[in-house]
Amino acid sequence: MILKKSILLTGLACALTTSGIAICDDEISSDSPKTSENAPEALQPASRPPVLLAPPKTAKPVSTKEVPEAGRVSPTAKLSSSDAKVSKTINGLKSPGETLSQGFVSLLPGEDLAGWVVHEGRADVWKQVGETISCTGAGGGWLRTEKEYSDFELKFEYKLQPGCNTGLGIRCPGEGNPTFTGIELQLLDDTAEKYKSLRADQYSGSLYYQVAPQTKPELKPAGEWNECEVICIGDQITVKMNGQVVNEINLARPTGEKPGSGKSWKLAERPPLGHLALQSHPSQVEFRNLQVKDLSVETTSGVRYVNLQDGEGEVFTDAKMVTVHYVGQLLDGTRFGDTRDLGEPVSVPVNGIIDGWKHGIEGMKVGGRRRLIVPPEMAYGSQGVPNLIPPGATLVFEVELCGFER
């Protein structure tokens, strides 16, 4: 069915703020999170239409050198929209192949932690032996991938020493503590006596201090290997431990509360794209057989997309008007537009939308949902939109195609 609606596109920008706290990571307790959070500067609402519309004619093209590091998306092998749905390389290195699940690549395809960066910690305590990463001492901080991921499936095994407390960082930016700048999946020796009185969202399988596991994981004792699988698709995160689904989270819905602050940590405002990271601990922790399937597809235009839901309606081609629901985000997680606040989808002329949308929604079917990662040169370039979109910003959209007309 082809829908025809027209809604005035103004005033959808949101001013979002967070605040910060500082707490030590040496021990975790029932009333204290692991570390500090830095508050980003809030963007003020704009008095012009949201970013669905095309940039002004005065906008300048942007080169890689002009784009701030925080606004860049790490390069991947470029694929046309008709090519294979998953890139076969990571950081230019081929997958070992034989020991991996179908479509997955190893996160340790080389030696000496190639493809990884020590993040706010000591490099000398991180070691790689074959397909195993170990943190052998205190002060290691985090070890993160060079590559960034938006939507992915990750598999790995981990082994804790008695009393160990570690975690996995998801969609983490290049600066700040991943626990608060991204999302942390808690990995803990749940049976240790010192952890018997923690909050429910501090045990293994939780999104740390945010969402407790719906099912208590059946873990092997400290000193033995546990399996973990994390699936991130759009706002949905699924956590499996030793083959058991223990947590399913929609980031757009749940919130956690900062102790003593009375304010919420909104998971929907965490970055939609970022690094994977492993947390250190004074007692030895080991990770092995880390492998990932990147679910994003990069078109020849540089726009990346992820199919969140296949539609069953007509294929979008040669349209004059398009009707959509959409959510727009910056890489720091700030949501600058959400048509769901209006309660109805919006209709816009196709020749009036940014180039990233034109490339990203091509081939979608009505009823489908897709995540678009739009580089600045396909959006607002080096100019941006005053008080809404910073210059050189990569934009992330979730788009639901409601209809179109030719």
# chains A, B, ... in the order shown; residues from 1 in each chain; ligands from 1
>>> select_by_dssp(residues="stretch 121-366 of chain A", states="strand (DSSP E)", output="number ranges by chain")
A: 126-129, 132-135, 142-145, 152-160, 165-172, 183-188, 225-233, 236-241, 244-250, 255-257, 264-266, 275-279, 285-294, 297-298, 304-309, 321-330, 335-338, 346-349
>>> residues_around(residues="stretch 149-165 of chain A", least_positions_apart="5", cutoff="7 Å", atoms="only C-alpha atoms", output="MDAnalysis selection string")
chainID A and resid 171 187:189 192 222:234 272:275 281 283:296
>>> write_last_selection(atoms="C-alpha atoms", output="mmCIF file, in the first residue's frame")
data_model
loop_
_atom_site.group_PDB
_atom_site.id
_atom_site.type_symbol
_atom_site.label_atom_id
_atom_site.label_comp_id
_atom_site.auth_asym_id
_atom_site.auth_seq_id
_atom_site.Cartn_x
_atom_site.Cartn_y
_atom_site.Cartn_z
ATOM 1 C CA ARG A 171 29.919 0.362 21.050
ATOM 2 C CA LEU A 187 31.471 -10.788 33.646
ATOM 3 C CA LEU A 188 31.981 -11.712 37.306
ATOM 4 C CA ASP A 189 32.822 -14.564 39.634
ATOM 5 C CA ALA A 192 32.680 -15.077 45.423
ATOM 6 C CA ALA A 222 36.266 -19.818 38.452
ATOM 7 C CA GLY A 223 39.289 -21.233 36.659
ATOM 8 C CA GLU A 224 37.194 -22.845 33.899
ATOM 9 C CA TRP A 225 36.196 -21.477 30.489
ATOM 10 C CA ASN A 226 32.727 -20.014 29.933
ATOM 11 C CA GLU A 227 31.205 -19.291 26.521
ATOM 12 C CA CYS A 228 29.524 -15.986 25.726
ATOM 13 C CA GLU A 229 27.655 -14.676 22.701
ATOM 14 C CA VAL A 230 26.400 -11.113 22.209
ATOM 15 C CA ILE A 231 24.074 -10.103 19.382
ATOM 16 C CA CYS A 232 23.536 -6.367 18.761
ATOM 17 C CA ILE A 233 21.003 -5.386 16.105
ATOM 18 C CA GLY A 234 19.668 -1.837 16.279
ATOM 19 C CA PRO A 272 25.121 3.604 18.260
ATOM 20 C CA LEU A 273 28.573 2.802 16.896
ATOM 21 C CA GLY A 274 31.907 2.116 18.587
ATOM 22 C CA HIS A 275 34.682 -0.257 19.579
ATOM 23 C CA HIS A 281 41.459 -6.840 36.528
ATOM 24 C CA SER A 283 43.809 -10.928 39.154
ATOM 25 C CA GLN A 284 44.393 -12.641 35.816
ATOM 26 C CA VAL A 285 41.557 -12.792 33.319
ATOM 27 C CA GLU A 286 41.721 -14.544 29.942
ATOM 28 C CA PHE A 287 39.718 -14.319 26.716
ATOM 29 C CA ARG A 288 40.009 -16.669 23.760
ATOM 30 C CA ASN A 289 38.435 -17.528 20.398
ATOM 31 C CA LEU A 290 37.084 -14.015 19.915
ATOM 32 C CA GLN A 291 35.205 -13.859 16.630
ATOM 33 C CA VAL A 292 32.752 -11.379 15.163
ATOM 34 C CA LYS A 293 30.287 -11.101 12.303
ATOM 35 C CA ASP A 294 29.834 -7.495 11.172
ATOM 36 C CA LEU A 295 26.206 -7.159 10.064
ATOM 37 C CA SER A 296 26.639 -3.799 8.327
#
>>> atom_distance(atom1="atom CA of A:Gln214", atom2="atom CA of A:Glu248")
7.5 Å
>>> closest_residue(among="A:Ala123, A:Leu401, A:Leu278, A:Val105", to="A:Gly167", atoms="only C-alpha atoms")
A:Leu278
>>> select_by_dssp(residues="stretch 110-291 of chain A", states="alpha helix (DSSP H)", output="list in words")
Pro178, Thr179, Phe180 and Thr181 of chain A
>>> write_last_selection(atoms="C-alpha atoms", output="tab-separated table (two decimals), in the first residue's frame")
chain	number	residue	atom	x	y	z
A	178	PRO	CA	33.50	2.21	28.26
A	179	THR	CA	31.30	1.38	31.26
A	180	PHE	CA	29.67	4.80	30.94
A	181	THR	CA	30.60	6.12	27.50
>>> closest_residue(among="A:Leu331, A:Leu198, A:Leu207, A:Leu168", to="A:Asn247", atoms="only C-alpha atoms")
A:Leu207
>>> residues_around(residues="A:Gly328", least_positions_apart="5", cutoff="7 Å", atoms="only C-alpha atoms", output="PyMOL selection string")
chain A and resi 335-338+396-398
>>> residues_around(residues="A:Tyr208", least_positions_apart="5", cutoff="6 Å", atoms="only C-alpha atoms", output="PyMOL selection string")
chain A and resi 184-186+201-202
>>> closest_residue(among="A:Leu308, A:Leu330, A:Val374, A:Gly367", to="A:Leu388", atoms="only C-alpha atoms")
A:Leu330
>>> atom_distance(atom1="atom CA of A:Ala212", atom2="atom CA of A:Arg199")
8.5 Å
>>> closest_residue(among="A:Val327, A:Leu251, A:Leu276, A:Ala379", to="A:His359", atoms="only C-alpha atoms")
A:Ala379
>>> atom_distance(atom1="atom CA of A:Ile373", atom2="atom CA of A:Tyr305")
6.1 Å
>>> closest_residue(among="A:Pro271, A:Gly121, A:Gly343, A:Gly363", to="A:Thr394", atoms="only C-alpha atoms")
A:Pro271
>>> closest_residue(among="A:Asn177, A:Ile183, A:Val239, A:Thr339", to="A:Ser204", atoms="only C-alpha atoms")
A:Val239
>>> decode(residues="stretch 146-174 of chain A", atoms="N, CA and C atoms", output="mmCIF file, in the first residue's frame")
data_model
loop_
_atom_site.group_PDB
_atom_site.id
_atom_site.type_symbol
_atom_site.label_atom_id
_atom_site.label_comp_id
_atom_site.auth_asym_id
_atom_site.auth_seq_id
_atom_site.Cartn_x
_atom_site.Cartn_y
_atom_site.Cartn_z
ATOM 1 N N GLU A 146 40.569 -1.702 17.197
ATOM 2 C CA GLU A 146 40.741 -0.519 16.371
ATOM 3 C C GLU A 146 39.481 -0.260 15.554
ATOM 4 N N LYS A 147 38.847 -1.319 15.106
ATOM 5 C CA LYS A 147 37.661 -1.215 14.270
ATOM 6 C C LYS A 147 36.436 -0.889 15.125
ATOM 7 N N GLU A 148 35.487 -0.195 14.527
ATOM 8 C CA GLU A 148 34.220 0.122 15.191
ATOM 9 C C GLU A 148 33.106 -0.726 14.601
ATOM 10 N N TYR A 149 32.111 -1.009 15.438
ATOM 11 C CA TYR A 149 30.983 -1.852 15.037
ATOM 12 C C TYR A 149 29.686 -1.190 15.484
ATOM 13 N N SER A 150 28.670 -1.302 14.646
ATOM 14 C CA SER A 150 27.340 -0.853 15.038
ATOM 15 C C SER A 150 26.460 -2.048 15.358
ATOM 16 N N ASP A 151 26.362 -2.974 14.415
ATOM 17 C CA ASP A 151 25.485 -4.138 14.541
ATOM 18 C C ASP A 151 26.316 -5.376 14.233
ATOM 19 N N PHE A 152 26.255 -6.369 15.125
ATOM 20 C CA PHE A 152 27.206 -7.477 15.016
ATOM 21 C C PHE A 152 26.759 -8.660 15.853
ATOM 22 N N GLU A 153 27.397 -9.794 15.592
ATOM 23 C CA GLU A 153 27.331 -10.961 16.466
ATOM 24 C C GLU A 153 28.754 -11.247 16.932
ATOM 25 N N LEU A 154 28.941 -11.398 18.224
ATOM 26 C CA LEU A 154 30.253 -11.630 18.820
ATOM 27 C C LEU A 154 30.224 -12.913 19.632
ATOM 28 N N LYS A 155 31.234 -13.756 19.441
ATOM 29 C CA LYS A 155 31.383 -14.973 20.231
ATOM 30 C C LYS A 155 32.775 -14.990 20.857
ATOM 31 N N PHE A 156 32.857 -15.456 22.109
ATOM 32 C CA PHE A 156 34.155 -15.589 22.756
ATOM 33 C C PHE A 156 34.026 -16.487 23.979
ATOM 34 N N GLU A 157 35.165 -16.868 24.538
ATOM 35 C CA GLU A 157 35.219 -17.597 25.803
ATOM 36 C C GLU A 157 36.045 -16.781 26.785
ATOM 37 N N TYR A 158 35.724 -16.903 28.064
ATOM 38 C CA TYR A 158 36.491 -16.176 29.066
ATOM 39 C C TYR A 158 36.708 -17.066 30.286
ATOM 40 N N LYS A 159 37.816 -16.800 30.994
ATOM 41 C CA LYS A 159 38.153 -17.555 32.206
ATOM 42 C C LYS A 159 38.575 -16.574 33.293
ATOM 43 N N LEU A 160 37.921 -16.679 34.450
ATOM 44 C CA LEU A 160 38.191 -15.799 35.575
ATOM 45 C C LEU A 160 38.915 -16.544 36.685
ATOM 46 N N GLN A 161 39.764 -15.830 37.390
ATOM 47 C CA GLN A 161 40.327 -16.351 38.625
ATOM 48 C C GLN A 161 39.330 -16.089 39.753
ATOM 49 N N PRO A 162 39.407 -16.805 40.884
ATOM 50 C CA PRO A 162 38.458 -16.584 41.983
ATOM 51 C C PRO A 162 38.381 -15.115 42.388
ATOM 52 N N GLY A 163 37.145 -14.610 42.510
ATOM 53 C CA GLY A 163 36.933 -13.222 42.915
ATOM 54 C C GLY A 163 37.113 -12.205 41.804
ATOM 55 N N CYS A 164 37.283 -12.669 40.567
ATOM 56 C CA CYS A 164 37.578 -11.754 39.465
ATOM 57 C C CYS A 164 36.326 -11.001 39.015
ATOM 58 N N ASN A 165 36.549 -9.783 38.555
ATOM 59 C CA ASN A 165 35.484 -8.899 38.089
ATOM 60 C C ASN A 165 35.959 -8.229 36.810
ATOM 61 N N THR A 166 35.334 -8.533 35.671
ATOM 62 C CA THR A 166 35.743 -7.946 34.408
ATOM 63 C C THR A 166 34.495 -7.642 33.596
ATOM 64 N N GLY A 167 34.673 -7.294 32.340
ATOM 65 C CA GLY A 167 33.513 -6.975 31.524
ATOM 66 C C GLY A 167 33.872 -6.827 30.064
ATOM 67 N N LEU A 168 32.832 -6.734 29.246
ATOM 68 C CA LEU A 168 32.956 -6.509 27.814
ATOM 69 C C LEU A 168 32.320 -5.174 27.479
ATOM 70 N N GLY A 169 33.080 -4.281 26.844
ATOM 71 C CA GLY A 169 32.554 -3.008 26.397
ATOM 72 C C GLY A 169 31.982 -3.126 24.993
ATOM 73 N N ILE A 170 30.823 -2.506 24.765
ATOM 74 C CA ILE A 170 30.106 -2.582 23.495
ATOM 75 C C ILE A 170 29.860 -1.169 22.981
ATOM 76 N N ARG A 171 30.145 -0.939 21.691
ATOM 77 C CA ARG A 171 29.919 0.362 21.050
ATOM 78 C C ARG A 171 30.561 1.491 21.847
ATOM 79 N N CYS A 172 31.835 1.335 22.163
ATOM 80 C CA CYS A 172 32.547 2.299 23.003
ATOM 81 C C CYS A 172 33.252 3.351 22.139
ATOM 82 N N PRO A 173 33.168 4.624 22.495
ATOM 83 C CA PRO A 173 33.944 5.640 21.790
ATOM 84 C C PRO A 173 35.422 5.536 22.128
ATOM 85 N N GLY A 174 36.233 6.321 21.453
ATOM 86 C CA GLY A 174 37.675 6.244 21.637
ATOM 87 C C GLY A 174 38.185 6.896 22.900
#
